[in-house]
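Visitor: work-v9.txt (compact mmCIF, C-alpha atoms) pasted underneath:
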```
# COMPACT_ATOMS: atom_id res chain seq x y z
CA MET A 74 -31.59 -50.07 -19.72
CA ASN A 75 -34.11 -47.45 -20.84
CA ALA A 76 -36.82 -48.49 -23.32
CA GLN A 77 -38.36 -45.85 -25.56
CA ASN A 78 -41.55 -46.54 -27.47
CA ALA A 79 -41.41 -43.39 -29.58
CA PRO A 80 -40.32 -43.55 -33.25
CA PRO A 81 -37.04 -41.89 -34.30
CA PRO A 82 -37.18 -38.08 -33.95
CA ALA A 83 -38.06 -35.97 -36.93
CA ALA A 84 -35.41 -33.79 -38.53
CA ALA A 85 -36.49 -30.66 -36.68
CA PRO A 86 -38.97 -30.99 -33.78
CA ALA A 87 -41.40 -28.24 -32.94
CA PRO A 88 -39.85 -25.69 -30.56
CA ASP A 89 -40.82 -25.73 -26.87
CA LEU A 90 -42.89 -22.62 -26.16
CA ALA A 91 -41.47 -22.50 -22.63
CA THR A 92 -37.99 -21.57 -23.85
CA ILE A 93 -38.18 -20.72 -27.54
CA PRO A 94 -39.56 -17.33 -28.58
CA THR A 95 -42.27 -17.18 -31.22
CA PRO A 96 -42.29 -14.25 -33.70
CA SER A 97 -45.12 -11.87 -32.88
CA ALA A 98 -47.50 -11.11 -35.74
CA ALA A 99 -48.30 -7.76 -34.13
CA ASN A 100 -44.73 -6.57 -34.78
CA VAL A 101 -44.64 -7.50 -38.47
CA GLN A 102 -44.56 -4.32 -40.56
CA PRO A 103 -46.38 -4.09 -43.93
CA VAL A 104 -44.20 -4.37 -47.01
CA ALA A 105 -44.52 -1.81 -49.80
CA PRO A 106 -45.61 -3.21 -53.20
CA GLY A 107 -42.64 -4.51 -55.12
CA ALA A 108 -40.29 -4.30 -52.12
CA PRO A 109 -38.56 -7.51 -50.96
CA ALA A 110 -39.95 -8.97 -47.75
CA ALA A 111 -37.67 -8.68 -44.72
CA PRO A 112 -36.26 -12.08 -43.75
CA GLU A 113 -37.79 -13.55 -40.59
CA ALA A 114 -35.36 -14.40 -37.80
CA ALA A 115 -34.75 -18.12 -37.47
CA ALA A 116 -36.21 -19.80 -34.38
CA PRO A 117 -33.39 -20.57 -31.91
CA PHE A 118 -31.96 -24.10 -32.10
CA ALA A 119 -34.57 -25.20 -34.65
CA PHE A 120 -31.95 -25.88 -37.33
CA ALA A 121 -31.36 -29.46 -36.10
CA ASP A 122 -32.89 -32.23 -33.99
CA PHE A 123 -31.56 -32.04 -30.41
CA GLY A 124 -33.82 -34.74 -28.98
CA TRP A 125 -30.70 -36.86 -28.35
CA VAL A 126 -29.29 -34.34 -25.84
CA ASN A 127 -29.46 -35.38 -22.19
CA GLY A 128 -32.03 -33.29 -20.32
CA THR A 129 -34.03 -32.51 -23.47
CA SER A 130 -37.51 -33.69 -24.43
CA ARG A 131 -37.60 -36.34 -27.16
CA GLN A 132 -41.17 -35.40 -28.09
CA THR A 133 -41.65 -34.75 -31.82
CA GLU A 134 -45.43 -34.43 -32.02
CA PHE A 135 -47.49 -31.83 -30.15
CA PRO A 136 -51.16 -32.74 -30.72
CA MET A 137 -52.54 -30.15 -28.27
CA ASN A 138 -50.54 -27.17 -29.55
CA GLY A 139 -52.78 -24.19 -30.19
CA LYS A 140 -52.38 -20.60 -31.26
CA VAL A 141 -52.77 -19.29 -27.69
CA LEU A 142 -52.62 -22.31 -25.33
CA SER A 143 -50.53 -25.49 -25.55
CA PRO A 144 -51.62 -27.82 -22.72
CA THR A 145 -49.23 -30.35 -21.17
CA PHE A 146 -49.77 -33.48 -19.09
CA THR A 147 -46.95 -35.56 -17.65
CA ILE A 148 -46.83 -38.33 -15.05
CA GLU A 149 -43.97 -40.42 -13.72
CA THR A 150 -44.51 -43.44 -11.52
CA ALA A 151 -41.61 -45.46 -10.19
CA TYR A 152 -40.58 -48.43 -8.10
CA ALA A 153 -37.13 -48.28 -6.54
CA TYR A 154 -35.24 -50.52 -4.15
CA GLU A 155 -32.55 -49.29 -1.75
CA PHE A 156 -30.19 -52.15 -0.82
CA SER A 157 -29.55 -50.78 2.67
CA ASN A 158 -33.29 -51.54 3.27
CA PRO A 159 -34.19 -48.57 5.53
CA ILE A 160 -36.85 -49.59 8.01
CA ASP A 161 -39.04 -46.55 7.25
CA HIS A 162 -38.61 -46.88 3.45
CA THR A 163 -36.99 -43.41 3.20
CA VAL A 164 -34.23 -42.96 0.59
CA VAL A 165 -31.68 -40.34 1.63
CA GLY A 166 -29.35 -38.64 -0.81
CA SER A 167 -31.41 -38.93 -3.99
CA THR A 168 -33.15 -35.96 -5.60
CA ALA A 169 -35.25 -38.22 -7.85
CA ILE A 170 -36.46 -41.11 -5.64
CA GLY A 171 -37.67 -40.63 -2.06
CA ARG A 172 -39.10 -44.03 -1.15
CA THR A 173 -37.87 -47.62 -1.40
CA ASN A 174 -39.78 -50.85 -2.05
CA GLU A 175 -42.96 -48.94 -2.92
CA VAL A 176 -44.77 -47.84 -6.07
CA GLN A 177 -45.06 -44.06 -5.94
CA ILE A 178 -46.19 -41.16 -8.14
CA VAL A 179 -42.96 -39.22 -8.40
CA HIS A 180 -44.28 -36.33 -10.46
CA LEU A 181 -47.68 -35.49 -11.88
CA GLY A 182 -47.85 -32.25 -13.80
CA ILE A 183 -50.76 -30.54 -15.54
CA GLY A 184 -50.21 -27.19 -17.16
CA SER A 185 -49.97 -25.15 -20.31
CA ASP A 186 -47.87 -22.70 -22.26
CA PHE A 187 -49.49 -19.38 -23.16
CA TYR A 188 -48.64 -16.98 -25.96
CA TRP A 189 -50.51 -14.00 -27.38
CA LYS A 190 -49.05 -10.97 -29.19
CA GLY A 191 -45.80 -11.12 -27.27
CA ALA A 192 -47.28 -11.92 -23.86
CA ARG A 193 -46.15 -15.37 -22.71
CA GLY A 194 -46.29 -17.64 -19.71
CA ARG A 195 -46.12 -21.20 -18.43
CA LEU A 196 -47.79 -23.07 -15.59
CA MET A 197 -46.91 -26.62 -14.54
CA THR A 198 -48.16 -28.21 -11.33
CA GLN A 199 -46.01 -30.42 -9.12
CA LEU A 200 -47.93 -33.25 -7.49
CA GLY A 201 -46.49 -36.47 -6.08
CA THR A 202 -43.34 -37.02 -4.05
CA TYR A 203 -41.55 -34.14 -5.80
CA ALA A 204 -43.91 -31.75 -3.98
CA THR A 205 -42.20 -32.58 -0.66
CA MET A 206 -38.74 -33.69 -1.85
CA THR A 207 -37.94 -30.51 -3.78
CA PRO A 208 -38.49 -27.88 -1.05
CA ARG A 209 -37.33 -30.03 1.89
CA ASN A 210 -33.87 -28.40 2.18
CA ASP A 211 -35.06 -24.81 1.65
CA ALA A 212 -34.51 -22.85 4.87
CA SER A 213 -35.69 -19.52 3.46
CA PRO A 214 -39.35 -19.91 4.65
CA GLY A 215 -37.96 -19.79 8.19
CA ARG A 216 -37.40 -16.04 7.74
CA GLY A 217 -40.65 -14.16 8.27
CA GLN A 218 -44.19 -15.27 9.05
CA TRP A 219 -45.82 -16.51 5.85
CA ASP A 220 -45.71 -20.19 4.90
CA LEU A 221 -43.84 -20.00 1.60
CA ALA A 222 -43.12 -23.75 1.49
CA ASN A 223 -46.80 -24.68 1.24
CA ALA A 224 -47.60 -21.68 -0.95
CA TYR A 225 -45.18 -22.78 -3.67
CA ARG A 226 -44.62 -26.53 -3.26
CA TYR A 227 -47.25 -27.59 -5.82
CA ILE A 228 -45.86 -25.33 -8.57
CA THR A 229 -42.81 -26.55 -10.45
CA GLU A 230 -43.01 -23.85 -13.14
CA GLY A 231 -45.14 -20.73 -12.93
CA TYR A 232 -44.12 -17.55 -14.69
CA GLY A 233 -45.36 -14.81 -16.97
CA GLY A 234 -43.47 -12.47 -19.21
CA TYR A 235 -43.03 -10.89 -22.61
CA HIS A 236 -41.29 -11.77 -25.84
CA LEU A 237 -39.52 -9.10 -27.92
CA ASP A 238 -38.85 -9.60 -31.64
CA TYR A 239 -35.28 -8.33 -31.48
CA MET A 240 -32.23 -10.22 -32.78
CA ASN A 241 -33.48 -13.83 -32.73
CA GLY A 242 -35.69 -13.09 -29.74
CA ILE A 243 -35.61 -11.79 -26.16
CA ASN A 244 -37.75 -13.27 -23.35
CA ILE A 245 -38.30 -11.57 -19.99
CA ASP A 246 -40.05 -13.76 -17.40
CA ALA A 247 -40.86 -13.46 -13.68
CA GLY A 248 -41.92 -16.27 -11.34
CA ILE A 249 -40.66 -19.81 -10.70
CA PHE A 250 -38.73 -21.44 -13.52
CA LEU A 251 -36.44 -24.46 -13.88
CA SER A 252 -32.82 -23.46 -13.43
CA TYR A 253 -31.35 -25.76 -16.12
CA VAL A 254 -28.19 -25.89 -14.00
CA GLY A 255 -26.54 -29.29 -14.06
CA LEU A 256 -26.39 -32.03 -16.65
CA CYS A 257 -29.83 -33.52 -16.02
CA SER A 258 -33.35 -32.19 -16.43
CA TYR A 259 -35.68 -31.88 -13.46
CA TYR A 260 -38.07 -34.16 -15.37
CA ASN A 261 -36.60 -37.66 -15.37
CA TYR A 262 -38.17 -38.78 -18.64
CA GLU A 263 -35.97 -36.21 -20.44
CA ASN A 264 -32.73 -37.74 -19.10
CA TRP A 265 -30.47 -40.56 -20.23
CA ILE A 266 -30.56 -41.93 -16.66
CA ASN A 267 -33.29 -42.20 -14.04
CA GLN A 268 -31.03 -41.16 -11.15
CA ALA A 269 -29.57 -37.68 -11.60
CA SER A 270 -25.79 -37.38 -11.51
CA TYR A 271 -24.04 -36.34 -8.31
CA VAL A 272 -23.22 -32.89 -9.66
CA SER A 273 -26.77 -32.34 -10.90
CA SER A 274 -28.12 -33.29 -7.48
CA ASN A 275 -25.89 -30.62 -5.91
CA THR A 276 -27.15 -27.80 -8.14
CA PRO A 277 -30.53 -26.02 -8.01
CA TRP A 278 -33.54 -27.46 -9.77
CA PHE A 279 -35.54 -24.21 -9.70
CA PHE A 280 -35.15 -20.46 -9.26
CA ASN A 281 -37.70 -17.92 -8.01
CA GLY A 282 -37.18 -14.48 -9.51
CA ILE A 283 -36.60 -12.82 -12.88
CA ARG A 284 -35.03 -14.45 -15.94
CA THR A 285 -34.03 -12.70 -19.15
CA GLN A 286 -33.13 -14.77 -22.21
CA PHE A 287 -31.21 -13.24 -25.13
CA TYR A 288 -30.86 -15.02 -28.50
CA PRO A 289 -28.27 -13.08 -30.55
CA THR A 290 -28.33 -15.88 -33.14
CA ASP A 291 -30.23 -19.13 -33.64
CA LYS A 292 -27.21 -21.02 -32.20
CA PHE A 293 -26.51 -19.10 -28.98
CA LYS A 294 -28.47 -18.14 -25.86
CA LEU A 295 -27.52 -15.95 -22.89
CA GLU A 296 -29.62 -16.01 -19.71
CA LEU A 297 -29.34 -13.53 -16.82
CA TRP A 298 -30.91 -14.28 -13.41
CA LEU A 299 -31.97 -12.04 -10.53
CA ILE A 300 -33.44 -14.46 -8.01
CA ASN A 301 -34.30 -14.89 -4.34
CA GLY A 302 -31.54 -17.44 -3.79
CA TRP A 303 -30.14 -20.91 -4.34
CA GLN A 304 -33.21 -23.13 -4.93
CA SER A 305 -35.16 -21.08 -2.42
CA TYR A 306 -38.67 -19.69 -2.29
CA GLY A 307 -37.57 -16.66 -0.24
CA GLU A 308 -34.47 -14.57 0.28
CA PHE A 309 -32.04 -15.78 2.95
CA ASN A 310 -30.45 -12.47 3.89
CA SER A 311 -30.38 -9.02 2.30
CA MET A 312 -28.78 -9.90 -1.04
CA PRO A 313 -30.61 -11.52 -3.96
CA GLY A 314 -28.83 -14.22 -5.94
CA VAL A 315 -27.47 -13.34 -9.36
CA GLY A 316 -26.33 -15.63 -12.14
CA PHE A 317 -26.00 -16.33 -15.81
CA GLN A 318 -26.04 -19.16 -18.31
CA THR A 319 -24.85 -19.55 -21.89
CA LEU A 320 -25.95 -22.25 -24.32
CA TRP A 321 -24.05 -22.72 -27.58
CA ARG A 322 -25.00 -25.26 -30.24
CA PRO A 323 -22.85 -24.59 -33.32
CA ASN A 324 -24.26 -27.63 -35.15
CA GLY A 325 -26.52 -30.61 -34.57
CA SER A 326 -23.82 -32.62 -32.76
CA VAL A 327 -22.54 -30.27 -30.03
CA SER A 328 -24.21 -28.66 -27.01
CA LEU A 329 -22.13 -26.58 -24.56
CA VAL A 330 -23.61 -25.04 -21.39
CA THR A 331 -21.79 -22.75 -18.94
CA SER A 332 -23.39 -21.30 -15.80
CA GLY A 333 -22.35 -19.13 -12.89
CA TYR A 334 -24.03 -18.06 -9.65
CA THR A 335 -23.31 -16.06 -6.50
CA GLY A 336 -25.46 -15.11 -3.51
CA LYS A 337 -25.69 -14.93 0.27
CA ASP A 338 -27.53 -18.18 0.91
CA VAL A 339 -27.00 -19.18 4.56
CA LEU A 340 -29.90 -18.26 6.82
CA GLY A 341 -28.71 -16.20 9.76
CA ILE A 342 -25.13 -15.71 8.43
CA PRO A 343 -25.40 -12.58 6.25
CA ASP A 344 -21.63 -12.32 5.64
CA ARG A 345 -21.27 -15.68 3.91
CA LYS A 346 -21.29 -15.77 0.10
CA ARG A 347 -21.71 -18.74 -2.21
CA PHE A 348 -19.92 -19.03 -5.57
CA HIS A 349 -20.69 -21.76 -8.09
CA THR A 350 -20.01 -22.69 -11.70
CA ASP A 351 -21.53 -25.54 -13.71
CA ASP A 352 -20.29 -26.51 -17.19
CA SER A 353 -21.42 -29.34 -19.49
CA LEU A 354 -20.29 -30.52 -22.91
CA ILE A 355 -22.51 -33.02 -24.76
CA LEU A 356 -21.18 -34.42 -28.04
CA LYS A 357 -22.80 -36.78 -30.54
CA TYR A 358 -19.94 -38.71 -32.13
CA PHE A 359 -21.79 -41.35 -34.16
CA GLU A 360 -25.03 -41.71 -36.11
CA ALA A 361 -26.14 -44.38 -38.60
CA ALA A 362 -29.88 -44.71 -39.03
CA ASP A 363 -29.83 -48.24 -40.52
CA SER A 364 -27.33 -49.75 -38.08
CA LEU A 365 -28.15 -51.85 -35.01
CA VAL A 366 -26.29 -49.24 -32.96
CA ASP A 367 -27.75 -46.14 -34.56
CA ARG A 368 -26.33 -43.34 -32.40
CA GLY A 369 -23.65 -42.61 -29.80
CA ALA A 370 -23.02 -39.57 -27.61
CA PHE A 371 -21.14 -38.65 -24.45
CA SER A 372 -21.39 -35.91 -21.83
CA LEU A 373 -18.78 -34.30 -19.59
CA THR A 374 -19.85 -32.10 -16.68
CA VAL A 375 -17.55 -30.19 -14.32
CA ASP A 376 -18.82 -28.29 -11.28
CA ALA A 377 -16.95 -26.17 -8.75
CA GLY A 378 -18.07 -23.93 -5.92
CA CYS A 379 -17.17 -22.57 -2.51
CA GLU A 380 -18.40 -20.38 0.36
CA SER A 381 -16.55 -17.47 1.90
CA GLY A 382 -17.20 -15.36 4.99
CA GLY A 383 -18.97 -16.03 8.24
CA GLY A 384 -16.24 -18.32 9.58
CA VAL A 385 -15.32 -20.22 6.39
CA SER A 386 -13.28 -19.54 3.26
CA CYS A 387 -12.75 -20.96 -0.20
CA SER A 388 -9.10 -21.88 0.33
CA GLY A 389 -8.85 -22.32 4.10
CA GLY A 390 -6.91 -20.46 6.74
CA PRO A 391 -6.66 -19.71 10.47
CA GLY A 392 -10.13 -19.47 11.94
CA ALA A 393 -11.74 -19.97 8.52
CA PRO A 394 -11.62 -23.60 7.35
CA ALA A 395 -12.08 -24.40 3.67
CA GLN A 396 -15.63 -24.95 2.45
CA TYR A 397 -15.77 -25.96 -1.19
CA PHE A 398 -17.26 -28.37 -3.72
CA PHE A 399 -15.74 -29.93 -6.84
CA GLY A 400 -17.03 -32.72 -9.01
CA ALA A 401 -17.07 -34.15 -12.52
CA MET A 402 -19.24 -36.71 -14.30
CA LEU A 403 -18.70 -38.56 -17.60
CA TYR A 404 -21.47 -40.54 -19.34
CA ASN A 405 -21.69 -42.43 -22.60
CA ARG A 406 -25.03 -43.15 -24.28
CA LEU A 407 -25.78 -45.66 -27.05
CA TRP A 408 -29.08 -46.03 -28.95
CA PHE A 409 -30.22 -49.27 -30.60
CA ASP A 410 -32.82 -50.40 -33.13
CA HIS A 411 -33.97 -46.99 -34.41
CA ASP A 412 -33.87 -45.45 -30.91
CA LEU A 413 -36.20 -48.09 -29.47
CA PHE A 414 -33.62 -49.00 -26.79
CA GLY A 415 -30.87 -47.08 -25.08
CA PHE A 416 -28.00 -47.88 -22.71
CA THR A 417 -26.06 -45.39 -20.58
CA ALA A 418 -22.87 -46.04 -18.60
CA GLY A 419 -20.81 -43.54 -16.69
CA GLY A 420 -19.51 -42.28 -13.40
CA GLY A 421 -17.51 -39.57 -11.75
CA PHE A 422 -16.29 -38.14 -8.49
CA MET A 423 -17.22 -35.46 -6.00
CA THR A 424 -15.38 -33.90 -3.08
CA ASN A 425 -16.50 -31.25 -0.63
```
When written as structure tokens, how does the structure in this file appear?
Guide:
Amino acid sequence: MNAQNAPPPAAAPAPDLATIPTPSAANVQPVAPGAPAAPEAAAPFAFADFGWVNGTSRQTEFPMNGKVLSPTFTIETAYAYEFSNPIDHTVVGSTAIGRTNEVQIVHLGIGSDFYWKGARGRLMTQLGTYATMTPRNDASPGRGQWDLANAYRYITEGYGGYHLDYMNGINIDAGIFLSYVGLCSYYNYENWINQASYVSSNTPWFFNGIRTQFYPTDKFKLELWLINGWQSYGEFNSMPGVGFQTLWRPNGSVSLVTSGYTGKDVLGIPDRKRFHTDDSLILKYFEAADSLVDRGAFSLTVDAGCESGGGVSCSGGPGAPAQYFFGAMLYNRLWFDHDLFGFTAGGGFMTN
């Protein structure tokens, strides 16, 4: 059971400067006297309230928003209990909780969004258990001399870029950014559940490289990635990872995400390639503001991937056993008493 103390979301929350482009005043051309003003492009996904979507912030007020800087502070503390009762209190297999039977700071982030005349950026620190849990499986720092793991571990988001007032906006950013692959957000308070789904835990939480976001309309986004690798600070071999993501929200009740990725991500095996796709449908099927049960929604996520080369294959064969991953998760979420309470039930399967 998740308790929320915030009031019901407003009709259209303020856009997140980290992902939503802001029209640049420097690019606005003067209008001749008597001529009609050119219509301003609509801000992407601002036509409806999407605070109900899993992995999305429910915040509706932004008291520190400024013209240039919009500071952010977030902290998550948690107590968890693992029924196998490990003697050293270490939880294995979770990407959200690393210790059992202890009160821990899971994530403490201090940062800000920046925007000025098209230039944009975001910095968010990563303190707490996330600072060691997130990079623990990254083997890329083992290639070369410099200690990339300690250089980056305290930064969860750190990038700079530029916004172009073309179509409904284009953003070009370089640095570390959240991958948004998988059903759940990296920040637990944005999720329906406190423990990320199996498929989300088997997809990257961050990318290090270059991201370009295209908004052809206010209902569709295309992202292209050129990155060091699969949740890695460095490059594993001689090939950078490449990927894409689409986000389509035709109305206020549907959110559809599709993602794809490929790269050579096994340290010391340059011939092995990884292929992965992640696809999520989130649908709001019920809403009645004055009812005890005031909203209902469900999510369906399907992931598939495999590795090929270097002694393995996607389908299996002589001398090259199959190495693949397939999983699906289904969740249903209900909100009660003007969104004061919520209850999520679901499950799924995974094979690899």
Visitor: Quick one: contact table of stretch 140-226 of chain A to stretch 335-344 of chain A, 8 Å max, nearest atom pair and distance in Å to one decimal per residue, counting only C-alpha atoms, chain and number order, as CSV?
Guide:
```
residue,atom,partner,partner_atom,distance
A:Ala212,CA,A:Leu340,CA,6.8
A:Ser213,CA,A:Leu340,CA,6.8
A:Arg216,CA,A:Leu340,CA,7.9
```
Visitor: Just write the chosen residues, C-alpha atoms, as an mmCIF file, keeping the file's coordinate frame.
Guide:
```cif
data_model
loop_
_atom_site.group_PDB
_atom_site.id
_atom_site.type_symbol
_atom_site.label_atom_id
_atom_site.label_comp_id
_atom_site.auth_asym_id
_atom_site.auth_seq_id
_atom_site.Cartn_x
_atom_site.Cartn_y
_atom_site.Cartn_z
ATOM 1 C CA ALA A 212 -34.510 -22.850 4.870
ATOM 2 C CA SER A 213 -35.690 -19.520 3.460
ATOM 3 C CA ARG A 216 -37.400 -16.040 7.740
#
```
Visitor: Which is closest to A:Arg322 among A:Asp351, A:Asp122, A:Ile183, A:Lys190, if we use all atoms listed in the file?
Guide: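 Checking each candidate against A:Arg322, we get A:Asp122 as the closest.
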Visitor: Go through A:Thr168, A:Arg347, A:Ser353, A:Ser130 and flag the residue nearest A:Gly382, using all atoms listed in the file for the distances.
Guide: A:Arg347
Visitor: Edge lengths and centre in Å to one decimal, as JSON, is what I'm after for the box along x, y and z that holds all listed atoms of stretch 205-208 of chain A once 4 Å is added on each side.
Guide:
```
{"center_x": -40.1, "center_y": -30.8, "center_z": -2.2, "size_x": 12.3, "size_y": 13.8, "size_z": 11.1}
```
Visitor: At what distance in Å, to one decimal, does atom CA of A:Ala418 lie from atom CA of A:Phe123?
Guide: 20.3 Å
Visitor: Can you check which parts of stretch 111-213 of chain A lie within 12 Å of stretch 403-415 of chain A? Per residue, the shortest pair of atoms and distance in Å to one decimal, counting all atoms listed in the file, sorted by chain and number, as CSV.
Guide:
```
residue,atom,partner,partner_atom,distance
A:Gly124,CA,A:Asp412,CA,10.9
A:Trp125,CA,A:Trp408,CA,9.3
A:Val126,CA,A:Arg406,CA,9.9
A:Asn127,CA,A:Arg406,CA,9.2
A:Arg131,CA,A:Asp412,CA,10.5
```
Visitor: Keeping only C-alpha atoms, write the selected residues to a file as a PDB file, in the frame of the given file.
Guide:
```pdb
ATOM      1  CA  GLY A 124     -33.820 -34.740 -28.980  1.00  0.00           C
ATOM      2  CA  TRP A 125     -30.700 -36.860 -28.350  1.00  0.00           C
ATOM      3  CA  VAL A 126     -29.290 -34.340 -25.840  1.00  0.00           C
ATOM      4  CA  ASN A 127     -29.460 -35.380 -22.190  1.00  0.00           C
ATOM      5  CA  ARG A 131     -37.600 -36.340 -27.160  1.00  0.00           C
TER       6      ARG A 131
END
```
Visitor: Using all atoms listed in the file, can you tell me which of A:Glu175, A:Asp367, A:Asp352, A:Asp211 comes closest to A:Ser328?
Guide: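 Residue with the minimum atom-to-atom distance to A:Ser328: A:Asp352.
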Visitor: Expressed in Å to a single decimal, how great is the separation between atom CA of A:Val315 and atom CA of A:Ser381?
Guide: 16.2 Å
Visitor: Point out the residue among A:Glu308, A:Gln268, A:Val327, A:Leu221 with the least atom-to-atom distance to A:Gly166, counting only C-alpha atoms.
Guide: A:Gln268
Visitor: Hey, which of A:Asn267, A:Asn241, A:Ser274, A:Gln132 ends up closest to A:Ala151? Count only C-alpha atoms.
Guide: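 Distance minimum relative to A:Ala151 lands on A:Asn267.
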Visitor: Write out as a list in words which residues come within 12 Å of A:Pro394 when counting all atoms listed in the file, dropping same-chain ones fewer than 4 positions away.
Guide: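 The filter keeps Cys379, Glu380, Ser381, Gly382, Gly383, Gly384, Val385, Ser386, Cys387, Ser388, Gly389 and Gly390 of chain A.
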Visitor: Could you check which of A:Thr374, A:Ser143, A:Gln199, A:Thr150 is closest to A:Leu329, using all atoms listed in the file?
Guide: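 Comparing A:Thr374, A:Ser143, A:Gln199, A:Thr150 against A:Leu329, the winner is A:Thr374.
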Visitor: Identify the residues within 12 Å of coordinate (-45.9, -39.3, -11.0) (same frame as the file), considering all atoms listed in the file, and give the answer as a PDB file with C-alpha atoms, in the frame of the given file.
Guide:
```
ATOM      1  CA  PHE A 146     -49.770 -33.480 -19.090  1.00  0.00           C
ATOM      2  CA  THR A 147     -46.950 -35.560 -17.650  1.00  0.00           C
ATOM      3  CA  ILE A 148     -46.830 -38.330 -15.050  1.00  0.00           C
ATOM      4  CA  GLU A 149     -43.970 -40.420 -13.720  1.00  0.00           C
ATOM      5  CA  THR A 150     -44.510 -43.440 -11.520  1.00  0.00           C
ATOM      6  CA  ALA A 151     -41.610 -45.460 -10.190  1.00  0.00           C
ATOM      7  CA  TYR A 152     -40.580 -48.430  -8.100  1.00  0.00           C
ATOM      8  CA  ALA A 169     -35.250 -38.220  -7.850  1.00  0.00           C
ATOM      9  CA  ILE A 170     -36.460 -41.110  -5.640  1.00  0.00           C
ATOM     10  CA  VAL A 176     -44.770 -47.840  -6.070  1.00  0.00           C
ATOM     11  CA  GLN A 177     -45.060 -44.060  -5.940  1.00  0.00           C
ATOM     12  CA  ILE A 178     -46.190 -41.160  -8.140  1.00  0.00           C
ATOM     13  CA  VAL A 179     -42.960 -39.220  -8.400  1.00  0.00           C
ATOM     14  CA  HIS A 180     -44.280 -36.330 -10.460  1.00  0.00           C
ATOM     15  CA  LEU A 181     -47.680 -35.490 -11.880  1.00  0.00           C
ATOM     16  CA  GLY A 182     -47.850 -32.250 -13.800  1.00  0.00           C
ATOM     17  CA  ILE A 183     -50.760 -30.540 -15.540  1.00  0.00           C
ATOM     18  CA  THR A 198     -48.160 -28.210 -11.330  1.00  0.00           C
ATOM     19  CA  GLN A 199     -46.010 -30.420  -9.120  1.00  0.00           C
ATOM     20  CA  LEU A 200     -47.930 -33.250  -7.490  1.00  0.00           C
ATOM     21  CA  GLY A 201     -46.490 -36.470  -6.080  1.00  0.00           C
ATOM     22  CA  THR A 202     -43.340 -37.020  -4.050  1.00  0.00           C
ATOM     23  CA  TYR A 203     -41.550 -34.140  -5.800  1.00  0.00           C
ATOM     24  CA  ALA A 204     -43.910 -31.750  -3.980  1.00  0.00           C
ATOM     25  CA  TYR A 260     -38.070 -34.160 -15.370  1.00  0.00           C
ATOM     26  CA  ASN A 261     -36.600 -37.660 -15.370  1.00  0.00           C
ATOM     27  CA  TYR A 262     -38.170 -38.780 -18.640  1.00  0.00           C
TER      28      TYR A 262
END
```
Visitor: Name all residues at most 9 Å from A:Gly231 (count only C-alpha atoms; drop same-chain ones fewer than 3 positions away) and give them as a list in words.
Guide: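 In the requested form, the answer reads Gly194, Arg195, Leu196, Met197, Thr198, Ile228, Ala247, Gly248, Ile249 and Phe250 of chain A.
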Visitor: What is the distance between atom CA of A:Gly191 and atom CA of A:Tyr235, in Å to one decimal?
Guide: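 So the answer is 5.4 Å.
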Visitor: List every protein, DNA or RNA residue with an atom no more than 9 Å from (-41.6, -22.6, -1.9) in the file's coordinates, counting only C-alpha atoms, and format the result as a list of chain:residue names.
Guide: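 All residues meeting the 9 Å criterion around (-41.6, -22.6, -1.9) are A:Thr207, A:Pro208, A:Asp211, A:Ser213, A:Pro214, A:Asp220, A:Leu221, A:Ala222, A:Asn223, A:Ala224, A:Tyr225, A:Arg226, A:Tyr227, A:Ile228, A:Asn281, A:Gln304, A:Ser305, A:Tyr306, A:Gly307.
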